[in-house]
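Colleague: Next comes work-v3.cif, mmCIF, C-alpha atoms and all ligand atoms:
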data_input
#
loop_
_atom_site.label_atom_id
_atom_site.label_comp_id
_atom_site.auth_asym_id
_atom_site.auth_seq_id
_atom_site.Cartn_x
_atom_site.Cartn_y
_atom_site.Cartn_z
CA MET W 1 -26.05 -13.90 -2.20
CA LEU W 2 -26.72 -11.32 -4.91
CA LYS W 3 -23.51 -10.89 -6.92
CA THR W 4 -22.09 -8.66 -9.64
CA GLU W 5 -21.60 -11.81 -11.78
CA VAL W 6 -18.27 -10.38 -12.93
CA LEU W 7 -16.04 -12.05 -10.35
CA ASP W 8 -16.61 -15.33 -8.54
CA ILE W 9 -17.03 -13.68 -5.12
CA GLU W 10 -17.15 -16.87 -3.02
CA LYS W 11 -13.90 -18.03 -4.58
CA VAL W 12 -12.26 -14.60 -4.21
CA ARG W 13 -13.34 -14.30 -0.58
CA ALA W 14 -11.94 -17.73 0.20
CA ASP W 15 -8.54 -16.43 -0.93
CA PHE W 16 -8.48 -13.77 1.83
CA PRO W 17 -8.09 -15.43 5.25
CA ILE W 18 -8.87 -12.25 7.20
CA LEU W 19 -12.39 -12.16 5.79
CA LYS W 20 -13.20 -15.27 7.84
CA ARG W 21 -12.80 -13.42 11.11
CA THR W 22 -15.55 -11.68 12.97
CA VAL W 23 -15.53 -8.22 14.58
CA HIS W 24 -17.73 -7.63 17.65
CA GLY W 25 -19.27 -11.01 16.83
CA LYS W 26 -20.30 -9.88 13.33
CA ARG W 27 -19.03 -10.79 9.87
CA LEU W 28 -16.18 -8.44 8.89
CA VAL W 29 -17.41 -6.06 6.19
CA TYR W 30 -14.22 -4.42 4.99
CA LEU W 31 -14.91 -1.18 3.12
CA ASP W 32 -11.66 0.73 3.68
CA ASN W 33 -9.84 -0.34 0.56
CA SER W 34 -8.69 3.11 -0.55
CA ASN W 35 -6.78 3.19 2.70
CA THR W 36 -5.26 -0.26 2.39
CA THR W 37 -6.49 -3.57 0.99
CA GLN W 38 -6.50 -7.05 2.49
CA LYS W 39 -3.99 -9.64 1.26
CA PRO W 40 -4.72 -12.93 -0.51
CA LYS W 41 -3.09 -16.18 0.64
CA THR W 42 -0.73 -16.16 -2.34
CA VAL W 43 0.79 -12.85 -1.19
CA ILE W 44 1.08 -14.03 2.42
CA HIS W 45 2.63 -17.30 1.24
CA ALA W 46 5.11 -15.47 -0.99
CA LEU W 47 6.34 -13.52 2.07
CA VAL W 48 6.55 -16.61 4.26
CA ASP W 49 8.20 -18.68 1.54
CA TYR W 50 10.85 -16.04 1.01
CA TYR W 51 11.78 -15.98 4.70
CA TYR W 52 11.43 -19.76 5.12
CA ARG W 53 13.47 -20.78 2.10
CA HIS W 54 15.32 -18.03 0.28
CA ASN W 55 16.22 -15.23 2.70
CA SER W 56 19.50 -13.52 1.82
CA ASN W 57 20.60 -10.18 0.43
CA VAL W 58 20.23 -9.38 -3.28
CA HIS W 59 22.74 -8.30 -5.96
CA ARG W 60 25.78 -9.04 -3.77
CA ALA W 61 26.65 -12.67 -3.22
CA VAL W 62 27.11 -15.68 -5.51
CA TYR W 63 25.70 -18.53 -3.40
CA VAL W 64 22.38 -20.22 -4.18
CA LEU W 65 20.17 -18.38 -1.70
CA ALA W 66 21.47 -15.01 -2.90
CA GLU W 67 20.87 -15.94 -6.52
CA GLU W 68 17.34 -17.12 -5.74
CA ALA W 69 16.54 -13.96 -3.79
CA THR W 70 17.96 -11.77 -6.57
CA GLU W 71 16.02 -13.61 -9.26
CA SER W 72 12.76 -13.34 -7.25
CA TYR W 73 13.31 -9.63 -6.53
CA GLU W 74 14.14 -8.81 -10.16
CA GLY W 75 11.31 -11.08 -11.32
CA ALA W 76 8.95 -9.00 -9.18
CA ARG W 77 10.32 -5.83 -10.79
CA ARG W 78 9.57 -7.26 -14.27
CA LYS W 79 6.05 -8.29 -13.24
CA VAL W 80 5.11 -5.03 -11.53
CA ALA W 81 6.50 -2.91 -14.38
CA GLY W 82 4.78 -5.09 -16.98
CA PHE W 83 1.49 -4.75 -15.11
CA VAL W 84 1.39 -1.03 -15.99
CA GLY W 85 3.01 -1.33 -19.42
CA ALA W 86 6.55 -0.34 -18.43
CA ALA W 87 9.98 -1.97 -18.73
CA ALA W 88 11.81 -3.31 -15.67
CA LYS W 89 14.60 -0.73 -16.01
CA GLU W 90 11.98 2.02 -15.68
CA LEU W 91 10.81 0.87 -12.24
CA VAL W 92 12.38 1.99 -8.98
CA PHE W 93 11.11 0.12 -5.93
CA VAL W 94 10.20 2.62 -3.21
CA ARG W 95 8.26 2.42 0.07
CA GLY W 96 5.11 3.72 -1.59
CA THR W 97 3.61 6.69 -3.40
CA THR W 98 4.78 9.11 -0.72
CA GLU W 99 8.39 8.06 -1.06
CA ALA W 100 8.06 8.24 -4.86
CA THR W 101 6.93 11.88 -4.87
CA ASN W 102 9.64 12.77 -2.36
CA LEU W 103 12.24 11.00 -4.50
CA VAL W 104 11.17 13.14 -7.47
CA ARG W 105 11.20 16.24 -5.29
CA PHE W 106 14.87 15.67 -4.39
CA ALA W 107 16.39 13.77 -7.31
CA TRP W 108 14.63 15.71 -10.09
CA GLY W 109 13.34 18.85 -8.39
CA GLU W 110 16.47 20.08 -6.68
CA THR W 111 18.40 20.28 -9.97
CA ASN W 112 15.61 21.16 -12.41
CA VAL W 113 13.47 23.67 -10.54
CA LYS W 114 14.80 27.21 -10.34
CA LYS W 115 13.80 30.40 -8.59
CA GLY W 116 10.64 31.85 -10.09
CA ASP W 117 9.48 28.54 -11.67
CA LEU W 118 5.86 27.47 -11.43
CA LEU W 119 4.78 24.07 -10.07
CA VAL W 120 1.18 22.96 -10.63
CA SER W 121 -0.85 20.50 -8.61
CA THR W 122 -4.63 20.21 -8.13
CA LEU W 123 -7.17 20.74 -5.38
CA MET W 124 -8.05 17.04 -5.28
CA GLU W 125 -4.58 15.73 -4.38
CA HIS W 126 -3.55 13.58 -1.46
CA HIS W 127 -1.07 15.43 0.77
CA SER W 128 1.74 13.31 -0.69
CA ASN W 129 1.22 15.10 -4.01
CA ILE W 130 1.11 18.56 -2.39
CA VAL W 131 3.54 18.78 0.52
CA PRO W 132 6.70 17.67 -1.38
CA TRP W 133 6.00 20.45 -3.95
CA GLN W 134 5.46 22.99 -1.17
CA LEU W 135 8.84 22.00 0.25
CA LEU W 136 10.45 22.14 -3.18
CA ALA W 137 8.89 25.53 -3.95
CA ARG W 138 10.11 26.84 -0.62
CA SER W 139 13.68 25.58 -1.05
CA LYS W 140 13.99 26.85 -4.66
CA GLY W 141 11.96 30.05 -4.51
CA ALA W 142 9.38 28.61 -6.91
CA THR W 143 5.58 29.07 -6.80
CA LEU W 144 2.97 26.35 -6.36
CA LYS W 145 -0.51 26.78 -7.85
CA PHE W 146 -3.53 24.50 -7.97
CA VAL W 147 -5.98 23.49 -10.68
CA GLY W 148 -9.54 24.10 -9.45
CA LEU W 149 -12.50 21.73 -9.52
CA ASN W 150 -15.96 21.75 -11.07
CA SER W 151 -18.95 21.38 -8.78
CA ASP W 152 -19.26 17.65 -9.66
CA GLY W 153 -15.73 17.00 -8.37
CA THR W 154 -14.02 16.77 -11.78
CA LEU W 155 -10.98 18.87 -12.70
CA ASP W 156 -11.69 22.31 -14.09
CA MET W 157 -9.84 22.05 -17.39
CA GLU W 158 -10.15 25.78 -18.05
CA SER W 159 -8.27 26.51 -14.85
CA PHE W 160 -5.70 23.87 -15.89
CA GLU W 161 -5.25 25.45 -19.34
CA SER W 162 -4.86 28.91 -17.88
CA LEU W 163 -2.07 27.62 -15.59
CA LEU W 164 -0.41 25.95 -18.57
CA ARG W 165 -0.20 29.36 -20.23
CA GLU W 166 2.18 30.31 -17.38
CA SER W 167 4.59 27.56 -18.59
CA PRO W 168 4.86 25.43 -15.45
CA LYS W 169 7.93 23.34 -14.83
CA LEU W 170 5.94 20.51 -13.25
CA VAL W 171 2.35 19.28 -13.43
CA ALA W 172 1.61 16.83 -10.59
CA VAL W 173 -1.85 15.30 -10.77
CA THR W 174 -3.64 12.28 -9.41
CA HIS W 175 -4.93 9.60 -11.78
CA CYS W 176 -7.85 8.98 -9.44
CA SER W 177 -9.00 10.88 -6.33
CA ASN W 178 -8.96 8.97 -3.05
CA VAL W 179 -11.91 11.06 -1.82
CA LEU W 180 -14.15 11.81 -4.79
CA GLY W 181 -13.23 8.75 -6.82
CA THR W 182 -12.83 11.04 -9.85
CA ILE W 183 -10.82 9.40 -12.62
CA ASN W 184 -8.86 12.12 -14.39
CA ASP W 185 -8.26 12.09 -18.12
CA VAL W 186 -4.52 11.68 -17.69
CA ALA W 187 -3.93 11.19 -21.42
CA LYS W 188 -5.34 14.65 -22.12
CA ILE W 189 -3.64 16.21 -19.10
CA CYS W 190 -0.20 14.75 -19.88
CA ALA W 191 -0.46 15.67 -23.58
CA LYS W 192 -1.37 19.28 -22.80
CA ALA W 193 1.24 19.58 -20.06
CA ARG W 194 3.90 18.10 -22.36
CA ALA W 195 2.96 20.54 -25.11
CA ALA W 196 3.39 23.37 -22.59
CA GLY W 197 6.88 22.08 -21.77
CA ALA W 198 6.05 20.75 -18.28
CA THR W 199 7.36 17.58 -16.67
CA THR W 200 4.43 15.42 -15.56
CA LEU W 201 3.97 13.31 -12.46
CA VAL W 202 0.86 11.16 -12.11
CA ASP W 203 -0.14 9.68 -8.76
CA GLY W 204 -1.51 6.25 -9.58
CA ALA W 205 -2.12 5.12 -5.97
CA GLN W 206 -5.89 4.83 -6.49
CA ALA W 207 -5.81 3.83 -10.15
CA VAL W 208 -3.45 0.86 -10.48
CA PRO W 209 -5.34 -1.24 -7.88
CA HIS W 210 -8.72 -0.70 -9.54
CA MET W 211 -8.47 -0.44 -13.33
CA PRO W 212 -6.28 -1.43 -16.26
CA VAL W 213 -3.40 1.06 -16.51
CA ASP W 214 -1.01 1.24 -19.45
CA ILE W 215 1.33 4.15 -18.92
CA LYS W 216 2.48 3.94 -22.54
CA SER W 217 -0.94 5.30 -23.50
CA PHE W 218 -0.49 8.58 -21.64
CA ARG W 219 3.30 8.84 -21.28
CA PRO W 220 3.76 10.59 -17.94
CA ASP W 221 7.32 11.48 -17.02
CA PHE W 222 6.77 9.98 -13.57
CA TYR W 223 4.12 7.56 -12.34
CA ALA W 224 3.81 6.38 -8.74
CA PHE W 225 1.78 3.80 -6.81
CA SER W 226 1.71 1.81 -3.55
CA GLY W 227 1.66 -1.97 -3.19
CA HIS W 228 -0.50 -2.12 -0.07
CA LYS W 229 -3.50 -0.61 -1.88
CA MET W 230 -3.40 -3.35 -4.54
CA LEU W 231 -3.47 -6.49 -2.37
CA GLY W 232 0.31 -6.34 -1.79
CA PRO W 233 2.34 -5.78 1.38
CA THR W 234 2.95 -2.45 3.09
CA GLY W 235 6.33 -0.77 2.67
CA ILE W 236 6.67 -1.37 -1.06
CA GLY W 237 5.61 0.63 -4.10
CA ALA W 238 6.88 1.84 -7.41
CA LEU W 239 8.12 4.94 -9.15
CA LEU W 240 8.19 4.65 -12.92
CA ALA W 241 10.11 6.94 -15.22
CA LYS W 242 11.79 6.67 -18.61
CA LYS W 243 15.30 5.23 -18.36
CA GLU W 244 16.88 8.37 -19.88
CA LEU W 245 15.12 10.60 -17.33
CA LEU W 246 16.29 8.40 -14.44
CA GLU W 247 19.80 8.50 -15.88
CA GLU W 248 19.82 12.31 -15.98
CA MET W 249 18.62 12.63 -12.39
CA GLU W 250 20.73 12.98 -9.29
CA PRO W 251 20.64 10.12 -6.76
CA PHE W 252 18.03 10.27 -3.99
CA GLN W 253 19.90 8.63 -1.12
CA GLY W 254 23.58 7.75 -0.96
CA GLY W 255 25.02 4.49 0.35
CA GLY W 256 25.57 0.88 -0.67
CA GLU W 257 24.26 -0.56 -3.94
CA MET W 258 23.54 2.78 -5.59
CA ILE W 259 27.21 3.34 -6.48
CA ARG W 260 29.56 2.01 -9.14
CA GLU W 261 32.79 3.23 -7.53
CA VAL W 262 33.53 5.17 -4.37
CA PHE W 263 36.66 7.25 -3.86
CA LEU W 264 37.40 9.46 -0.90
CA ASP W 265 36.54 12.63 -2.77
CA HIS W 266 33.76 11.47 -5.11
CA SER W 267 31.67 8.53 -6.27
CA THR W 268 30.10 7.29 -9.50
CA TRP W 269 26.61 5.85 -9.77
CA ASN W 270 25.22 2.43 -10.52
CA ASP W 271 22.96 1.85 -13.54
CA VAL W 272 19.33 2.78 -13.22
CA PRO W 273 17.13 1.80 -11.49
CA TYR W 274 19.70 0.64 -8.88
CA LYS W 275 21.08 4.17 -8.60
CA PHE W 276 17.86 4.98 -6.72
CA GLU W 277 17.75 1.89 -4.50
CA ALA W 278 20.37 2.66 -1.86
CA GLY W 279 21.07 0.17 0.91
CA THR W 280 19.43 -3.20 1.47
CA VAL W 281 16.12 -3.11 -0.36
CA ASN W 282 12.73 -4.41 0.74
CA ILE W 283 13.17 -7.81 -0.88
CA ALA W 284 10.33 -9.79 0.70
CA ASP W 285 7.70 -7.12 0.13
CA ALA W 286 8.75 -6.59 -3.49
CA ILE W 287 8.28 -10.34 -4.02
CA GLY W 288 4.91 -10.10 -2.23
CA LEU W 289 3.89 -7.27 -4.56
CA GLY W 290 4.83 -9.49 -7.51
CA ALA W 291 2.42 -12.11 -6.13
CA ALA W 292 -0.31 -9.46 -5.76
CA VAL W 293 0.17 -8.47 -9.39
CA ASP W 294 -0.14 -12.14 -10.41
CA TYR W 295 -3.38 -12.38 -8.44
CA LEU W 296 -4.89 -9.26 -10.02
CA ALA W 297 -3.71 -10.25 -13.50
CA ASP W 298 -5.35 -13.67 -13.06
CA LEU W 299 -8.65 -12.02 -12.18
CA GLY W 300 -8.21 -9.59 -15.08
CA MET W 301 -8.13 -5.84 -14.48
CA ASP W 302 -11.02 -5.27 -16.91
CA LYS W 303 -13.13 -7.50 -14.68
CA VAL W 304 -11.88 -5.85 -11.50
CA ARG W 305 -12.96 -2.48 -12.89
CA GLU W 306 -16.34 -3.74 -14.14
CA HIS W 307 -17.02 -5.39 -10.78
CA GLU W 308 -16.35 -2.09 -9.00
CA VAL W 309 -18.50 -0.09 -11.42
CA ARG W 310 -21.43 -2.40 -10.64
CA LEU W 311 -20.82 -2.12 -6.89
CA LEU W 312 -20.62 1.65 -7.19
CA ASP W 313 -23.86 1.79 -9.17
CA TYR W 314 -25.65 -0.42 -6.64
CA ALA W 315 -24.23 1.49 -3.66
CA LEU W 316 -25.06 4.97 -4.97
CA ARG W 317 -28.67 3.91 -5.54
CA ALA W 318 -29.03 2.00 -2.26
CA LEU W 319 -27.43 4.62 -0.01
CA ALA W 320 -29.33 7.51 -1.63
CA GLU W 321 -32.46 5.95 -0.07
CA VAL W 322 -31.09 6.49 3.43
CA LYS W 323 -32.28 9.71 5.05
CA GLY W 324 -29.37 12.08 5.79
CA PHE W 325 -26.93 10.48 3.27
CA HIS W 326 -25.05 13.00 1.15
CA GLN W 327 -22.26 11.85 -1.17
CA TYR W 328 -19.46 13.74 -2.94
CA GLY W 329 -18.01 13.05 -6.36
CA PRO W 330 -19.11 12.62 -9.98
CA LEU W 331 -22.27 10.58 -10.66
CA ASP W 332 -21.01 9.43 -14.05
CA LEU W 333 -19.85 5.90 -13.22
CA ARG W 334 -17.32 5.83 -16.06
CA LYS W 335 -15.52 8.82 -14.55
CA ARG W 336 -15.37 7.36 -11.09
CA ALA W 337 -13.68 4.58 -9.15
CA GLY W 338 -15.34 2.52 -6.39
CA VAL W 339 -15.03 5.15 -3.69
CA ILE W 340 -17.92 6.86 -1.92
CA SER W 341 -17.15 9.73 0.41
CA PHE W 342 -20.21 10.95 2.22
CA ASN W 343 -21.64 12.75 5.16
CA PHE W 344 -24.59 11.59 7.18
CA ALA W 345 -26.77 14.48 8.36
CA ASP W 346 -24.68 16.26 10.99
CA VAL W 347 -23.28 13.09 12.56
CA HIS W 348 -19.50 13.34 12.91
CA PRO W 349 -17.79 10.77 10.64
CA HIS W 350 -15.82 9.35 13.60
CA ASP W 351 -19.06 8.77 15.54
CA LEU W 352 -20.62 7.12 12.52
CA ALA W 353 -17.55 4.94 11.97
CA THR W 354 -17.67 3.86 15.63
CA VAL W 355 -21.30 2.79 15.37
CA LEU W 356 -20.60 0.94 12.12
CA ASP W 357 -17.62 -0.79 13.68
CA GLU W 358 -20.00 -2.28 16.26
CA GLU W 359 -21.71 -3.91 13.27
CA GLY W 360 -18.41 -5.30 11.95
CA ILE W 361 -18.24 -2.66 9.20
CA ALA W 362 -14.87 -0.97 8.60
CA ILE W 363 -15.04 2.39 6.85
CA ARG W 364 -12.64 5.34 6.96
CA SER W 365 -13.53 8.61 8.61
CA GLY W 366 -11.47 11.80 8.62
CA HIS W 367 -9.84 14.15 6.14
CA HIS W 368 -8.27 11.33 4.09
CA CYS W 369 -4.96 13.23 3.84
CA ALA W 370 -6.70 15.73 1.56
CA GLN W 371 -7.30 18.78 3.73
CA PRO W 372 -7.32 21.32 0.85
CA LEU W 373 -10.07 19.23 -0.77
CA MET W 374 -12.00 19.06 2.52
CA ARG W 375 -11.91 22.89 2.64
CA TRP W 376 -13.14 23.06 -0.94
CA LEU W 377 -16.00 20.70 0.00
CA ASP W 378 -16.57 22.91 3.05
CA VAL W 379 -16.37 20.01 5.49
CA THR W 380 -13.81 19.06 8.11
CA ALA W 381 -14.13 15.35 7.45
CA THR W 382 -16.13 12.74 5.55
CA SER W 383 -16.94 9.08 5.92
CA ARG W 384 -15.66 6.91 3.10
CA ALA W 385 -16.58 3.46 1.85
CA SER W 386 -14.31 2.01 -0.82
CA PHE W 387 -14.46 -1.31 -2.63
CA HIS W 388 -12.20 -4.04 -3.88
CA VAL W 389 -12.43 -7.47 -5.42
CA TYR W 390 -13.88 -9.25 -2.35
CA ASN W 391 -16.74 -6.81 -1.79
CA SER W 392 -20.21 -7.60 -3.02
CA TYR W 393 -23.76 -6.29 -2.77
CA ASP W 394 -24.16 -7.90 0.66
CA ASP W 395 -21.46 -5.52 2.01
CA ILE W 396 -23.38 -2.54 0.68
CA ASP W 397 -26.61 -3.87 2.16
CA ALA W 398 -24.81 -4.19 5.51
CA LEU W 399 -23.60 -0.59 5.22
CA LYS W 400 -27.12 0.58 4.42
CA THR W 401 -28.53 -1.27 7.42
CA GLY W 402 -25.72 0.11 9.61
CA LEU W 403 -26.47 3.66 8.44
CA LYS W 404 -30.15 3.23 9.28
CA LYS W 405 -29.22 1.96 12.72
CA ALA W 406 -26.90 4.96 13.23
CA GLY W 407 -29.75 7.19 12.01
CA GLY W 408 -31.89 5.83 14.85
CA ILE W 409 -29.16 6.35 17.44
CA PHE W 410 -28.32 9.90 16.32
CA LYS W 411 -31.95 10.85 15.60
CA VAL W 412 -31.28 11.70 11.94
C1 LIG Q 1 -4.28 9.22 -4.13
C2 LIG Q 1 -3.24 8.83 -3.11
N1 LIG Q 1 -1.99 9.23 -3.28
C3 LIG Q 1 -1.01 8.92 -2.41
C4 LIG Q 1 -1.28 8.17 -1.30
C5 LIG Q 1 -0.16 7.86 -0.35
O1 LIG Q 1 0.14 6.51 -0.39
P1 LIG Q 1 1.17 5.87 0.65
O2 LIG Q 1 0.68 6.24 2.01
O3 LIG Q 1 1.09 4.42 0.37
O4 LIG Q 1 2.50 6.45 0.34
C6 LIG Q 1 -2.57 7.73 -1.07
C7 LIG Q 1 -2.90 6.97 0.15
O5 LIG Q 1 -4.01 7.01 0.64
C8 LIG Q 1 -3.58 8.07 -2.00
O6 LIG Q 1 -4.84 7.67 -1.82
#
Write the structure described by the file as structure tokens, please.
Ligand SMILES: Cc1ncc(COP(=O)(O)O)c(C=O)c1O
Modeller:
Amino acid sequence: MLKTEVLDIEKVRADFPILKRTVHGKRLVYLDNSNTTQKPKTVIHALVDYYYRHNSNVHRAVYVLAEEATESYEGARRKVAGFVGAAAKELVFVRGTTEATNLVRFAWGETNVKKGDLLVSTLMEHHSNIVPWQLLARSKGATLKFVGLNSDGTLDMESFESLLRESPKLVAVTHCSNVLGTINDVAKICAKARAAGATTLVDGAQAVPHMPVDIKSFRPDFYAFSGHKMLGPTGIGALLAKKELLEEMEPFQGGGEMIREVFLDHSTWNDVPYKFEAGTVNIADAIGLGAAVDYLADLGMDKVREHEVRLLDYALRALAEVKGFHQYGPLDLRKRAGVISFNFADVHPHDLATVLDEEGIAIRSGHHCAQPLMRWLDVTATSRASFHVYNSYDDIDALKTGLKKAGGIFKV
């Protein structure tokens, strides 16, 4: 097999049990990694081991199981925070990126955003970085505006700067687009937004799984990502924010664990980050995410990124040879993650995905939770192939062959 020579693909693939299965009698070619990734054995074992040997609630009891569970949960917090250059106290475990932006909407937005304020997002955002700000703007009487895009799918910095001149309260931007693959210059964006007095939120859902991220280097006020897109379990993710900012904020949900003392007429709050983790937390999945971080750190995020750049390069060249293939997003590989959204002549993406599924190839089709971006692209939907550590050139060859077959069926 032709390989990128950056990762040991046979060894990596052997770590992912699901890749051994077949689909419609064909080898599974999994190319829907921006949606969710597959899980290595170490992550699956961490979940099973927790329930087999350590299951109990955290932070409450003094017996051995409870202490083991607490140590594993807090150990996962240290690992996951460290993975992106943050301290454990700066990490709130949440369900995922969507819960993180909603937490900020309520716990920060409801007290800090006032009538007449401006909130800024961009045209390339996932709905989870648009809809919470629409809801916040509506409840507070604020306005929401969007940074435009250049024709190559990068952010239009002039449009950004002109919005900054209106002194926005919040700038909410993605680190990397789940459709175009565009990697935004978050250091520049956060520095300019900070200078304009805005609070910054960066959506790292498509960055943390694919490239080295050190949030100290761009100092966002808030940074969010999801575990299931980085080889970890579903239902767990992270919101990062400076300790002082978390301390200033109101709680998100009220209940057990998030309090220090409860009286009949008022309550006081636990230390951060626990103030934001009301109720029984998702212990097993946090531990599973810790195992995913260990796996990625062992591979090395520089290598993960380089591997994807090579796959992207190979795929863009190979697929461009297929009649009817039209891709979206920047062609500069250094500005782009391993995501290829495309259309195929006038074949509907769902029809294409169905034909490819017959070949064992899993791609995503639809609007990718980015309908404003679809309108900007002037399409209702796209097909999308996205890579991770277990993909190699053979997967791209399979996609190319599948596209040609679909071309025959649909008379492209
Ligand atoms: C860029 C981006 N942001 C946010 C999300 C939402 O993530 P989740 O569904 O895990 O909350 C996604 C998921 O596709 C995404 O790609």
Colleague: Step by step, measure atom-to-atom distances between ligand LIG 1 (chain Q) and each residue using only C-alpha atoms and all ligand atoms, keep those at most 8 Å, then write them as a PDB file with C-alpha atoms, in the frame of the given file.
Modeller:
ATOM      1  CA  SER W  34      -8.690   3.110  -0.550  1.00  0.00           C
ATOM      2  CA  ASN W  35      -6.780   3.190   2.700  1.00  0.00           C
ATOM      3  CA  THR W  36      -5.260  -0.260   2.390  1.00  0.00           C
ATOM      4  CA  ARG W  95       8.260   2.420   0.070  1.00  0.00           C
ATOM      5  CA  GLY W  96       5.110   3.720  -1.590  1.00  0.00           C
ATOM      6  CA  THR W  97       3.610   6.690  -3.400  1.00  0.00           C
ATOM      7  CA  THR W  98       4.780   9.110  -0.720  1.00  0.00           C
ATOM      8  CA  GLU W  99       8.390   8.060  -1.060  1.00  0.00           C
ATOM      9  CA  ALA W 100       8.060   8.240  -4.860  1.00  0.00           C
ATOM     10  CA  GLU W 125      -4.580  15.730  -4.380  1.00  0.00           C
ATOM     11  CA  HIS W 126      -3.550  13.580  -1.460  1.00  0.00           C
ATOM     12  CA  HIS W 127      -1.070  15.430   0.770  1.00  0.00           C
ATOM     13  CA  SER W 128       1.740  13.310  -0.690  1.00  0.00           C
ATOM     14  CA  ASN W 129       1.220  15.100  -4.010  1.00  0.00           C
ATOM     15  CA  THR W 174      -3.640  12.280  -9.410  1.00  0.00           C
ATOM     16  CA  HIS W 175      -4.930   9.600 -11.780  1.00  0.00           C
ATOM     17  CA  CYS W 176      -7.850   8.980  -9.440  1.00  0.00           C
ATOM     18  CA  SER W 177      -9.000  10.880  -6.330  1.00  0.00           C
ATOM     19  CA  ASN W 178      -8.960   8.970  -3.050  1.00  0.00           C
ATOM     20  CA  VAL W 179     -11.910  11.060  -1.820  1.00  0.00           C
ATOM     21  CA  ASP W 203      -0.140   9.680  -8.760  1.00  0.00           C
ATOM     22  CA  GLY W 204      -1.510   6.250  -9.580  1.00  0.00           C
ATOM     23  CA  ALA W 205      -2.120   5.120  -5.970  1.00  0.00           C
ATOM     24  CA  GLN W 206      -5.890   4.830  -6.490  1.00  0.00           C
ATOM     25  CA  PHE W 225       1.780   3.800  -6.810  1.00  0.00           C
ATOM     26  CA  SER W 226       1.710   1.810  -3.550  1.00  0.00           C
ATOM     27  CA  GLY W 227       1.660  -1.970  -3.190  1.00  0.00           C
ATOM     28  CA  HIS W 228      -0.500  -2.120  -0.070  1.00  0.00           C
ATOM     29  CA  LYS W 229      -3.500  -0.610  -1.880  1.00  0.00           C
ATOM     30  CA  THR W 234       2.950  -2.450   3.090  1.00  0.00           C
ATOM     31  CA  GLY W 235       6.330  -0.770   2.670  1.00  0.00           C
ATOM     32  CA  GLY W 237       5.610   0.630  -4.100  1.00  0.00           C
ATOM     33  CA  HIS W 368      -8.270  11.330   4.090  1.00  0.00           C
ATOM     34  CA  CYS W 369      -4.960  13.230   3.840  1.00  0.00           C
TER      35      CYS W 369
END
Colleague: Which residue is closest to Arg334 (chain W)? Choose from W:Met157, W:Leu312, W:Ala191, W:Val293 and count only C-alpha atoms.
Modeller: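 So, comparing all the options, the nearest one is W:Leu312.
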Colleague: Between CA of Trp133 (chain W) and CA of Ala193 (chain W), what distance in Å does the model show, to one decimal?
Modeller: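 Between CA of Trp133 (chain W) and CA of Ala193 (chain W) the gap is 16.8 Å.
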Colleague: Which residues come within 12 Å of Ile189 (chain W), counting all atoms listed in the file, excluding same-chain residues fewer than 5 positions away, as a list in words?
Modeller: Val120, Ser121, Thr122, Val147, Leu155, Asp156, Met157, Glu158, Phe160, Glu161, Leu164, Val171, Ala172, Val173, Thr174, His175, Ile183, Asn184, Arg194, Ala195, Ala196, Ala198, Thr199, Thr200, Leu201, Val202, Phe218, Arg219 and Pro220 of chain W
Colleague: Quick one: everything within 10 Å of Arg60 (chain W), counting only C-alpha atoms, minus sequence neighbours fewer than 4 positions away in the same chain. Send it as a PyMOL selection string.
Modeller: chain W and resi 56+66-67+70+257
Colleague: Produce the centre coordinates and the three edge lengths, each in Å to one decimal, of the box along x, y and z that contains all listed atoms of region 160-175 of chain W with 8 Å added on each side, as AutoDock Vina command-line options.
Modeller:
--center_x 1.1 --center_y 20.0 --center_z -14.8 --size_x 29.6 --size_y 36.7 --size_z 26.8
Colleague: List the neighbours of Ala318 (chain W) out to 9 Å using only C-alpha atoms; skip same-chain residues closer than 5 positions along the sequence, and give me the result as number ranges by chain.
Modeller: W: 313, 396-397, 400
Colleague: Report, in Å with one decimal, the straight-line distance from CA of Ile215 (chain W) to CA of Lys188 (chain W).
Modeller: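 These two atoms are separated by 12.8 Å.
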Colleague: Between W:Val389, W:Val347, W:Ala286, W:Val104, which is the closest to Tyr50 (chain W) once you count only C-alpha atoms?
Modeller: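 The closest residue to Tyr50 (chain W) is W:Ala286.
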Colleague: Choose the residue, out of W:Asn343, W:Phe106, W:Gly279, W:Ala88, that has the smallest atom-to-atom separation from Asp378 (chain W); count all atoms listed in the file.
Modeller: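 Nearest candidate to Asp378 (chain W) out of W:Asn343, W:Phe106, W:Gly279, W:Ala88: W:Asn343.
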Colleague: Contacts of Asp152 (chain W) at 8 Å or less, counting only C-alpha atoms, minus same-chain residues fewer than 3 places along, as a ChimeraX atom specification?
Modeller: /W:149,328-331
Colleague: Rank W:Asp185, W:Asp394, W:Asp351, W:Glu306 by their smallest atom-to-atom distance to Ala406 (chain W), using all atoms listed in the file, and report the top residue only.
Modeller: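 Smallest distance to Ala406 (chain W) is found for W:Asp351.
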Colleague: Would you mind exporting region 228-238 of chain W with C-alpha atoms, as a JSON list (two decimals), in the first residue's frame?
Modeller:
[["chain", "number", "residue", "atom", "x", "y", "z"],
["W", 228, "HIS", "CA", -15.92, 12.49, 19.67],
["W", 229, "LYS", "CA", -14.16, 14.25, 16.78],
["W", 230, "MET", "CA", -10.72, 13.47, 18.26],
["W", 231, "LEU", "CA", -10.96, 9.68, 18.73],
["W", 232, "GLY", "CA", -12.78, 10.08, 22.08],
["W", 233, "PRO", "CA", -16.31, 9.12, 23.15],
["W", 234, "THR", "CA", -19.48, 11.02, 22.34],
["W", 235, "GLY", "CA", -21.08, 13.16, 25.05],
["W", 236, "ILE", "CA", -17.87, 14.75, 26.30],
["W", 237, "GLY", "CA", -15.99, 17.90, 25.31],
["W", 238, "ALA", "CA", -14.31, 20.90, 26.79]]
